[in-house]
Amino acid sequence: MIKETAKQIEERFGKMDIKIPINEIESRLEKLVNEFKVPAEEAHRSVVNYFLKEYNIPRGDFYTQDGEASTIKVNEITTDGKWVNLTAKVAQLWDNTHESIDQVGLIGDETGTIKFIKWARAELPGLVEGKSYMFKNVVTSSYQGRFEITMNRTSHIEEIQEDIEIGTVDVEFEGAMVDIQAGSGLIKRCTECNRALIKGVCGEHGKVEGTYDLRIKAVIDDGLIVQDALVNREVTEQLTGITLDEAKQMATQELNQEVVLEKMTEKLLGKYYLINGPRLDRYILVETVSPLPPMEAGKVDALLAELEV
């Protein structure tokens, strides 16, 4: 396995007229895999990155497409540094403040979802939540044990009319709401792409008027696991008792949108809830939420007590 991987690395650098002794490649792979017990794929990536830095080769140049990209499903992405084609729907666009990144979020097909990063320098068309696209020549990568795809200048995006069904798994989670993150409460969304505005600016369409919306970006802690959750307007209204119209009135009276977030935090923080909804990457998209009675909420403390015995 190590000799085969070393040969692949040697040949790929050789195509760039970089001659690396194969015994040096094998030595680094063996040390990572056998001595430090690094998984084979991670060792492959680490050795490649070492030589990219050693020879001052841009990562994008090394991962130039070699032959036709294969068309695959999301759940078939299991290798770093591969060029692939995907047909998928934009499940979610995330708030982004990095100048080098144009858009970031989740795309998915019937087999699941995956994070994507679209680099600003790629100058690719903007993506819209809920629309489906053919993504050609995108590159797979991994970060902190999770696969993702990146879109660069050689990638191609084409909108399609097919409404792709995104495969998800509904989960339940119960615990205390320990944080309500920035970007919650009364927000504005871009009327073109639906992404949340940051200080009145859409990352795709610039300064826009936007439309008001309510949401909660919550962190739920069951004592063992911390879970991020996204709560949409409808569920937020049910949970807080604050409607969108009331939230706008509160903000107008106080001349400050943050008053809505403060009110929600006062109502919700520290209380126990049972949430249910599909899991998309690190988030649960909350479809139902129920306050837990004291007895149910106490289950977490009881479990922790047992573990300490």
# chains A, B, ... in the order shown; residues from 1 in each chain; ligands from 1
>>> select_by_dssp(residues="stretch 216-291 of chain A", states="helix (DSSP H, G or I)", output="ChimeraX atom specification")
/A:233-240,244-254,258-268
>>> write_last_selection(atoms="N, CA and C atoms", output="CSV table (one decimal), in the first residue's frame")
chain,number,residue,atom,x,y,z
A,233,ARG,N,-38.1,30.9,11.3
A,233,ARG,CA,-39.1,31.9,11.8
A,233,ARG,C,-40.3,31.3,12.5
A,234,GLU,N,-40.9,30.3,11.8
A,234,GLU,CA,-42.1,29.7,12.3
A,234,GLU,C,-41.9,29.1,13.7
A,235,VAL,N,-40.9,28.3,13.9
A,235,VAL,CA,-40.6,27.7,15.1
A,235,VAL,C,-40.1,28.7,16.2
A,236,THR,N,-39.4,29.7,15.7
A,236,THR,CA,-38.9,30.8,16.6
A,236,THR,C,-40.1,31.5,17.2
A,237,GLU,N,-41.1,31.8,16.4
A,237,GLU,CA,-42.3,32.5,16.9
A,237,GLU,C,-43.0,31.7,17.9
A,238,GLN,N,-43.1,30.3,17.7
A,238,GLN,CA,-43.8,29.4,18.6
A,238,GLN,C,-43.0,29.3,19.9
A,239,LEU,N,-41.7,29.3,19.8
A,239,LEU,CA,-40.9,29.1,21.0
A,239,LEU,C,-40.8,30.3,21.9
A,240,THR,N,-40.7,31.5,21.3
A,240,THR,CA,-40.5,32.7,22.0
A,240,THR,C,-41.8,33.5,22.3
A,244,LEU,N,-43.0,38.1,14.1
A,244,LEU,CA,-42.1,38.9,13.3
A,244,LEU,C,-42.5,40.4,13.4
A,245,ASP,N,-43.8,40.6,13.3
A,245,ASP,CA,-44.3,42.0,13.4
A,245,ASP,C,-44.0,42.6,14.8
A,246,GLU,N,-44.2,41.8,15.8
A,246,GLU,CA,-43.8,42.3,17.2
A,246,GLU,C,-42.4,42.6,17.3
A,247,ALA,N,-41.5,41.8,16.7
A,247,ALA,CA,-40.1,42.0,16.8
A,247,ALA,C,-39.7,43.3,16.1
A,248,LYS,N,-40.3,43.6,14.9
A,248,LYS,CA,-40.1,44.8,14.2
A,248,LYS,C,-40.5,46.0,15.0
A,249,GLN,N,-41.6,45.9,15.7
A,249,GLN,CA,-42.1,47.0,16.5
A,249,GLN,C,-41.2,47.3,17.7
A,250,MET,N,-40.7,46.2,18.3
A,250,MET,CA,-39.7,46.3,19.4
A,250,MET,C,-38.4,47.0,18.9
A,251,ALA,N,-37.9,46.6,17.8
A,251,ALA,CA,-36.7,47.2,17.2
A,251,ALA,C,-36.9,48.7,16.9
A,252,THR,N,-38.1,49.0,16.4
A,252,THR,CA,-38.4,50.4,16.0
A,252,THR,C,-38.5,51.3,17.3
A,253,GLN,N,-39.2,50.8,18.3
A,253,GLN,CA,-39.3,51.5,19.6
A,253,GLN,C,-38.0,51.8,20.2
A,254,GLU,N,-37.1,50.8,20.2
A,254,GLU,CA,-35.8,51.0,20.9
A,254,GLU,C,-34.7,51.5,19.9
A,258,GLU,N,-31.0,44.7,18.3
A,258,GLU,CA,-30.5,43.8,19.3
A,258,GLU,C,-31.4,43.5,20.4
A,259,VAL,N,-32.4,44.4,20.6
A,259,VAL,CA,-33.3,44.3,21.7
A,259,VAL,C,-34.1,43.0,21.6
A,260,VAL,N,-34.3,42.5,20.3
A,260,VAL,CA,-35.1,41.3,20.1
A,260,VAL,C,-34.2,40.1,20.5
A,261,LEU,N,-33.0,40.1,20.2
A,261,LEU,CA,-32.1,39.0,20.6
A,261,LEU,C,-32.0,39.0,22.1
A,262,GLU,N,-31.9,40.1,22.7
A,262,GLU,CA,-31.8,40.2,24.2
A,262,GLU,C,-33.0,39.6,24.9
A,263,LYS,N,-34.2,39.9,24.3
A,263,LYS,CA,-35.5,39.4,24.8
A,263,LYS,C,-35.5,37.9,24.7
A,264,MET,N,-35.1,37.4,23.5
A,264,MET,CA,-35.1,35.9,23.3
A,264,MET,C,-34.1,35.2,24.2
A,265,THR,N,-33.0,35.8,24.4
A,265,THR,CA,-32.0,35.2,25.3
A,265,THR,C,-32.5,35.1,26.7
A,266,GLU,N,-33.2,36.2,27.2
A,266,GLU,CA,-33.8,36.2,28.5
A,266,GLU,C,-34.8,35.1,28.7
A,267,LYS,N,-35.6,34.8,27.6
A,267,LYS,CA,-36.7,33.8,27.7
A,267,LYS,C,-36.2,32.4,27.6
A,268,LEU,N,-35.1,32.1,26.9
A,268,LEU,CA,-34.7,30.8,26.5
A,268,LEU,C,-33.5,30.2,27.2
>>> residues_around(residues="stretch 131-147 of chain A", least_positions_apart="5", cutoff="6 Å", atoms="only C-alpha atoms", output="ChimeraX atom specification")
/A:80-90,155-160
>>> write_last_selection(atoms="N, CA and C atoms", output="PDB file, in the first residue's frame")
ATOM      1  N   ASP A  80      -9.563  12.552  -0.648  1.00  0.00           N
ATOM      2  CA  ASP A  80      -9.121  13.942  -0.753  1.00  0.00           C
ATOM      3  C   ASP A  80      -8.432  14.178  -2.096  1.00  0.00           C
ATOM      4  N   GLY A  81      -8.608  15.377  -2.657  1.00  0.00           N
ATOM      5  CA  GLY A  81      -7.859  15.773  -3.843  1.00  0.00           C
ATOM      6  C   GLY A  81      -8.335  15.178  -5.142  1.00  0.00           C
ATOM      7  N   LYS A  82      -9.617  14.830  -5.253  1.00  0.00           N
ATOM      8  CA  LYS A  82     -10.170  14.273  -6.475  1.00  0.00           C
ATOM      9  C   LYS A  82     -11.049  15.300  -7.179  1.00  0.00           C
ATOM     10  N   TRP A  83     -11.014  15.287  -8.515  1.00  0.00           N
ATOM     11  CA  TRP A  83     -11.895  16.135  -9.306  1.00  0.00           C
ATOM     12  C   TRP A  83     -13.171  15.365  -9.621  1.00  0.00           C
ATOM     13  N   VAL A  84     -14.324  15.954  -9.325  1.00  0.00           N
ATOM     14  CA  VAL A  84     -15.594  15.252  -9.506  1.00  0.00           C
ATOM     15  C   VAL A  84     -16.649  16.192 -10.075  1.00  0.00           C
ATOM     16  N   ASN A  85     -17.715  15.592 -10.595  1.00  0.00           N
ATOM     17  CA  ASN A  85     -18.919  16.313 -10.992  1.00  0.00           C
ATOM     18  C   ASN A  85     -20.050  15.895 -10.062  1.00  0.00           C
ATOM     19  N   LEU A  86     -20.893  16.854  -9.683  1.00  0.00           N
ATOM     20  CA  LEU A  86     -22.032  16.578  -8.805  1.00  0.00           C
ATOM     21  C   LEU A  86     -23.264  17.289  -9.326  1.00  0.00           C
ATOM     22  N   THR A  87     -24.408  16.636  -9.195  1.00  0.00           N
ATOM     23  CA  THR A  87     -25.693  17.294  -9.418  1.00  0.00           C
ATOM     24  C   THR A  87     -26.350  17.399  -8.053  1.00  0.00           C
ATOM     25  N   ALA A  88     -26.562  18.631  -7.574  1.00  0.00           N
ATOM     26  CA  ALA A  88     -27.007  18.797  -6.186  1.00  0.00           C
ATOM     27  C   ALA A  88     -27.802  20.089  -6.028  1.00  0.00           C
ATOM     28  N   LYS A  89     -28.527  20.150  -4.912  1.00  0.00           N
ATOM     29  CA  LYS A  89     -29.298  21.345  -4.552  1.00  0.00           C
ATOM     30  C   LYS A  89     -28.584  22.090  -3.429  1.00  0.00           C
ATOM     31  N   VAL A  90     -28.693  23.418  -3.441  1.00  0.00           N
ATOM     32  CA  VAL A  90     -28.126  24.217  -2.366  1.00  0.00           C
ATOM     33  C   VAL A  90     -29.062  24.122  -1.163  1.00  0.00           C
ATOM     34  N   SER A 155     -13.602  25.200 -12.212  1.00  0.00           N
ATOM     35  CA  SER A 155     -14.930  24.628 -11.970  1.00  0.00           C
ATOM     36  C   SER A 155     -15.971  25.318 -12.849  1.00  0.00           C
ATOM     37  N   HIS A 156     -17.107  24.651 -12.990  1.00  0.00           N
ATOM     38  CA  HIS A 156     -18.206  25.187 -13.806  1.00  0.00           C
ATOM     39  C   HIS A 156     -19.523  24.919 -13.082  1.00  0.00           C
ATOM     40  N   ILE A 157     -20.396  25.927 -13.044  1.00  0.00           N
ATOM     41  CA  ILE A 157     -21.690  25.794 -12.379  1.00  0.00           C
ATOM     42  C   ILE A 157     -22.800  26.079 -13.389  1.00  0.00           C
ATOM     43  N   GLU A 158     -23.743  25.164 -13.467  1.00  0.00           N
ATOM     44  CA  GLU A 158     -24.871  25.330 -14.400  1.00  0.00           C
ATOM     45  C   GLU A 158     -26.175  25.034 -13.660  1.00  0.00           C
ATOM     46  N   GLU A 159     -27.068  26.018 -13.618  1.00  0.00           N
ATOM     47  CA  GLU A 159     -28.360  25.803 -12.960  1.00  0.00           C
ATOM     48  C   GLU A 159     -29.205  24.835 -13.780  1.00  0.00           C
ATOM     49  N   ILE A 160     -29.906  23.934 -13.096  1.00  0.00           N
ATOM     50  CA  ILE A 160     -30.796  22.975 -13.768  1.00  0.00           C
ATOM     51  C   ILE A 160     -32.195  23.111 -13.187  1.00  0.00           C
TER      52      ILE A 160
END
>>> select_by_dssp(residues="stretch 112-214 of chain A", states="strand (DSSP E or B)", output="tab-separated table (two decimals) with C-alpha atoms, in the first residue's frame")
chain	number	residue	atom	x	y	z
A	112	GLY	CA	-26.79	13.32	1.85
A	113	THR	CA	-25.15	16.73	2.18
A	114	ILE	CA	-21.63	18.12	2.02
A	115	LYS	CA	-20.00	21.46	2.79
A	116	PHE	CA	-18.85	23.54	-0.16
A	117	ILE	CA	-16.50	26.51	-0.47
A	118	LYS	CA	-16.63	28.75	-3.54
A	119	TRP	CA	-13.50	30.88	-3.74
A	132	SER	CA	-30.35	22.82	-8.10
A	133	TYR	CA	-27.12	22.89	-10.12
A	134	MET	CA	-24.67	20.77	-12.04
A	135	PHE	CA	-21.26	21.30	-10.45
A	136	LYS	CA	-18.41	20.31	-12.77
A	137	ASN	CA	-14.72	19.98	-11.97
A	138	VAL	CA	-14.98	20.61	-8.24
A	139	VAL	CA	-12.26	19.35	-5.92
A	140	THR	CA	-12.75	17.13	-2.89
A	141	SER	CA	-10.86	17.90	0.31
A	142	SER	CA	-11.08	17.08	3.99
A	143	TYR	CA	-10.95	19.21	7.11
A	146	ARG	CA	-15.00	15.73	7.30
A	147	PHE	CA	-15.05	15.87	3.53
A	148	GLU	CA	-15.98	19.00	1.61
A	149	ILE	CA	-15.72	20.32	-1.93
A	150	THR	CA	-14.11	23.48	-3.24
A	151	MET	CA	-14.94	25.40	-6.42
A	156	HIS	CA	-18.21	25.19	-13.81
A	157	ILE	CA	-21.69	25.79	-12.38
A	158	GLU	CA	-24.87	25.33	-14.40
A	159	GLU	CA	-28.36	25.80	-12.96
A	160	ILE	CA	-30.80	22.98	-13.77
A	170	ASP	CA	-34.26	13.19	11.32
A	171	VAL	CA	-32.78	13.20	14.81
A	172	GLU	CA	-33.90	14.11	18.31
A	173	PHE	CA	-31.71	15.91	20.82
A	174	GLU	CA	-32.43	17.14	24.32
A	175	GLY	CA	-30.49	19.41	26.60
A	176	ALA	CA	-30.05	22.92	27.91
A	177	MET	CA	-29.85	25.92	25.60
A	178	VAL	CA	-26.47	27.27	26.67
A	179	ASP	CA	-25.91	29.90	23.98
A	180	ILE	CA	-27.80	31.93	21.40
A	185	GLY	CA	-33.18	37.40	16.57
A	186	LEU	CA	-34.44	39.93	14.05
A	187	ILE	CA	-32.34	39.75	10.88
A	188	LYS	CA	-32.59	40.84	7.27
A	189	ARG	CA	-32.21	38.57	4.26
A	196	ALA	CA	-28.56	36.81	5.89
A	198	ILE	CA	-24.26	41.52	7.53
A	201	VAL	CA	-24.61	43.92	2.94
A	202	CYS	CA	-25.10	40.64	1.03
A	206	GLY	CA	-23.71	43.98	-2.11
A	207	LYS	CA	-25.71	46.58	-0.19
A	211	THR	CA	-36.51	41.67	4.04
A	212	TYR	CA	-36.96	40.97	7.75
A	213	ASP	CA	-36.89	37.46	9.20
A	214	LEU	CA	-36.58	35.75	12.58
>>> atom_distance(atom1="atom CA of A:Arg195", atom2="atom CA of A:Lys271")
29.0 Å
>>> closest_residue(among="A:Ala218, A:Val33, A:Ala229, A:Ile25", to="A:Asn49", atoms="only C-alpha atoms")
A:Ile25
>>> atom_distance(atom1="atom CA of A:Arg215", atom2="atom CA of A:Ala182")
10.6 Å
>>> atom_distance(atom1="atom CA of A:Glu123", atom2="atom CA of A:Leu93")
17.3 Å
>>> residues_around(residues="A:Gln181", least_positions_apart="6", cutoff="8 Å", atoms="only C-alpha atoms", output="list in words")
Ile216, Lys217, Ala218 and Val219 of chain A
